[in-house]
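What follows is a single structure, written as structure tokens, with notes after it.
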Amino acid sequence: MEPSISRELAEFAAGLDLADVPEQIVDKAKASLLHNAVAAAQGRATAAGERAVAAASEDVVLGGTRLLGGKHGRGHDRRTAAFTNAVLMNLTNQCDSYRLLLHPGPCVLPAALAVADTAGASGSELLAAVVAGYEVQCRVGRELIGTAHAHGFRSSPVFGVLGAAVAAGRLLRLGPDKLHTALALSATWASGTLEPALAGSGELKLHEPIAAQNGVTAALSAAVIDRGADTALEGPLGFLNAVTGSPEGRLTYRFDGEGGRADLAAVTAGLGRHWETAQVAYKPYALPGYGNALAVLLDRMLARRPVAPGDVAAVDVELNWFEALYPTPARPRTGRTLVHAIVEGVLAHGGPVEYLSAGSGSLAAPVAVTPSQTRPYYAPRITITTTDGTVIADELSGDELKTGLAGDAALLRAALRDSPALLDLVDRLVPVVRELDQAPSIEPFLGACAAGTPITVR
């Protein structure tokens, strides 16, 4: 009998050796640590971040784990630390992104850091756990994201709890059987609905934190039961059927159209040879993922050909239909969308940094948004027509934000150019993260996050 999907994933994760992971993927894991640590610093400097840290202070335990940016010496229960660090990473919408709608960073990394800190893990052990968690989350969600959204589930936390459980279980040094049990438990604790995205309420900011917390709980609870269901994912009443309505992989929506069937064998095909982690993109600006792509493109366009707001006659934006019809083509937002607001705001203020510091802005010219099933996600095409009839057009390929450590550091420095304390944090973290696989512990990383000039609460 062939092993189940969850069994294969657990065996892969338990046996992963960082020495066998391609340098590009290790570099990607390092970039994820850099990026999400900077996002956490920005989140911690918000009023909501202050409240999250204050709430966590009620759960201080002897020998516990630390919060990102906090001074050494105060520890927290691993579940609390995972939840709180995920809140900090998620507050400003600057975490990472896989296939537009999954955000592995604030699910996997807080779970991994919470366990690594108390387990005395080395830098290489942390990086191996991060790669394992990212791979599991991304592989299971890859083709199912759009269908899960159509059924009302928000795919990031729903699939993210799987990655969090794997990363935490790996750092608890669970063997394949118990890691499988942790994965099976996490599949039963997946949660997160999309109604807040339509209602404009704040629950989404706590989705990934709950996934991180539940992932740690699943890993810690693996010893409680004898075993998890072998068909936890693909069984007739399992995870896939629950979130998509089909254990066979029938699809409702894809990035390039409607209907079809997911190749469930592809979830485990090429494990250890093909790496979905390579497709993770980073969000340098405090905007949704597709908003970051728009901001990067507009910044490039305005750098090459500055255009005064009053000289803009019309703007046409073509982008993937999942971006234009967020949160799902089944129930898109109506009226003026975030795409309109971002394009108008950036053009009105002359750039994304200026727009984000100044707040919302208006543009007299109309902005037309065209959904496309042929354009990749994160690959918008923008055409600006000026009042004198000049046409300025440019587009992204979709790969510009899928960078490694050096590329992400460059993106962050450009986006944070008006924030000296955050630039200092980037400069402090880059050399530490670059050498993390050689570090006997994660102390250098946590120390670099806690040092430097405090970032002003806003």
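Residue numbering restarts at 1 for every chain of the structure tokens, chains are lettered A, B, ... in their displayed order, and ligands are numbered from 1 as they appear.
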
Can you list every residue of stretch 108-153 of chain A that has an atom at most 12 Å from stretch 4-13 of chain A, with its nearest atom pair and the distance in Å to one decimal, using only C-alpha atoms, ordered by chain then number, as a tab-separated table?
```
residue	atom	partner	partner_atom	distance
A:Glu125	CA	A:Ala13	CA	11.9
A:Ala128	CA	A:Ala13	CA	8.6
A:Ala129	CA	A:Ala13	CA	7.8
A:Val130	CA	A:Ala13	CA	10.0
A:Val131	CA	A:Ala13	CA	8.7
A:Ala132	CA	A:Ala13	CA	5.2
A:Gly133	CA	A:Ala13	CA	7.8
A:Tyr134	CA	A:Ala13	CA	10.3
A:Glu135	CA	A:Ala13	CA	8.8
A:Val136	CA	A:Leu9	CA	6.7
A:Gln137	CA	A:Leu9	CA	10.1
A:Cys138	CA	A:Leu9	CA	11.7
A:Arg139	CA	A:Leu9	CA	9.4
A:Val140	CA	A:Ile5	CA	9.1
```

Residues of stretch 38-141 of chain A that have any atom at most 6 Å from an atom of stretch 273-281 of chain A: could you tabulate them with the shortest-distance atom pair and the distance in Å to one decimal, using only C-alpha atoms, ordered by chain and increasing number, as a Markdown table?
```
| residue | atom | partner | partner_atom | distance |
| --- | --- | --- | --- | --- |
| A:Asp96 | CA | A:Ala281 | CA | 5.7 |
| A:Ser97 | CA | A:Ala281 | CA | 5.1 |
| A:Tyr98 | CA | A:Val280 | CA | 4.6 |
| A:Glu135 | CA | A:Thr277 | CA | 5.8 |
```

Give me, as CSV, each residue of stretch 148-235 of chain A that comes within 8 Å of stretch 99-118 of chain A, together with its shortest interatomic pair and the distance in Å at one decimal, counting only C-alpha atoms, with rows ordered by chain and rising residue number.
```
residue,atom,partner,partner_atom,distance
A:Ser155,CA,A:Leu102,CA,6.2
A:Ser156,CA,A:Leu102,CA,4.1
A:Pro157,CA,A:Cys107,CA,7.1
A:Phe159,CA,A:Leu102,CA,7.7
A:Gly160,CA,A:Cys107,CA,5.4
A:Val161,CA,A:Cys107,CA,6.6
A:Gly163,CA,A:Val108,CA,5.6
A:Ala164,CA,A:Val108,CA,4.3
A:Ala165,CA,A:Ala111,CA,7.5
A:Ala167,CA,A:Ala112,CA,5.4
A:Ala168,CA,A:Ala112,CA,5.0
A:Leu171,CA,A:Ala116,CA,6.1
A:Leu172,CA,A:Val115,CA,7.0
A:Glu208,CA,A:Cys107,CA,5.3
A:Pro209,CA,A:Cys107,CA,6.6
A:Ala211,CA,A:Cys107,CA,5.9
A:Ala212,CA,A:Cys107,CA,4.5
A:Gln213,CA,A:Ala111,CA,6.8
A:Gly215,CA,A:Ala111,CA,6.8
A:Val216,CA,A:Ala111,CA,5.7
```

**Prompt:** From the list A:Phe255, A:Tyr290, A:Tyr326, A:Tyr285, which residue is nearest A:Ser372 when using only C-alpha atoms?
**Reply:** A:Phe255

Which stretch 152-255 of chain A residues have any atom within 12 Å of an atom of stretch 33-55 of chain A, and for each, what is the nearest pair of atoms with distance in Å to one decimal, counting only C-alpha atoms, rows sorted by chain and number, as a Markdown table?
```
| residue | atom | partner | partner_atom | distance |
| --- | --- | --- | --- | --- |
| A:Gly202 | CA | A:Ala48 | CA | 11.3 |
| A:Lys205 | CA | A:Ala48 | CA | 10.4 |
| A:Leu206 | CA | A:Ala52 | CA | 10.7 |
| A:Pro209 | CA | A:Ala52 | CA | 11.1 |
```

Atoms to include: N, CA, C and O atoms. Write the selected residues as a PDB file, in the first residue's frame.
```pdb
ATOM      1  N   GLY A 202     -11.119  43.155  11.491  1.00  0.00           N
ATOM      2  CA  GLY A 202      -9.717  42.918  11.785  1.00  0.00           C
ATOM      3  C   GLY A 202      -9.295  41.490  12.081  1.00  0.00           C
ATOM      4  O   GLY A 202      -8.135  41.256  12.411  1.00  0.00           O
ATOM      5  N   LYS A 205      -5.841  39.675  10.881  1.00  0.00           N
ATOM      6  CA  LYS A 205      -4.526  39.893  11.491  1.00  0.00           C
ATOM      7  C   LYS A 205      -4.196  38.849  12.558  1.00  0.00           C
ATOM      8  O   LYS A 205      -3.033  38.689  12.937  1.00  0.00           O
ATOM      9  N   LEU A 206      -5.220  38.139  13.046  1.00  0.00           N
ATOM     10  CA  LEU A 206      -4.988  37.110  14.053  1.00  0.00           C
ATOM     11  C   LEU A 206      -5.107  35.693  13.492  1.00  0.00           C
ATOM     12  O   LEU A 206      -4.935  34.713  14.231  1.00  0.00           O
ATOM     13  N   PRO A 209      -1.464  34.084  13.480  1.00  0.00           N
ATOM     14  CA  PRO A 209      -1.061  33.794  14.856  1.00  0.00           C
ATOM     15  C   PRO A 209      -1.737  32.564  15.460  1.00  0.00           C
ATOM     16  O   PRO A 209      -1.099  31.782  16.168  1.00  0.00           O
TER      17      PRO A 209
END
```

**Request:** Could you please write out, as an MDAnalysis selection string, every residue of stretch 114-281 of chain A that DSSP assigns to alpha helix (DSSP H)?
**Result:** chainID A and resid 114:119 123:141 145:150 155:171 176:188 195:199 204:221 239:244
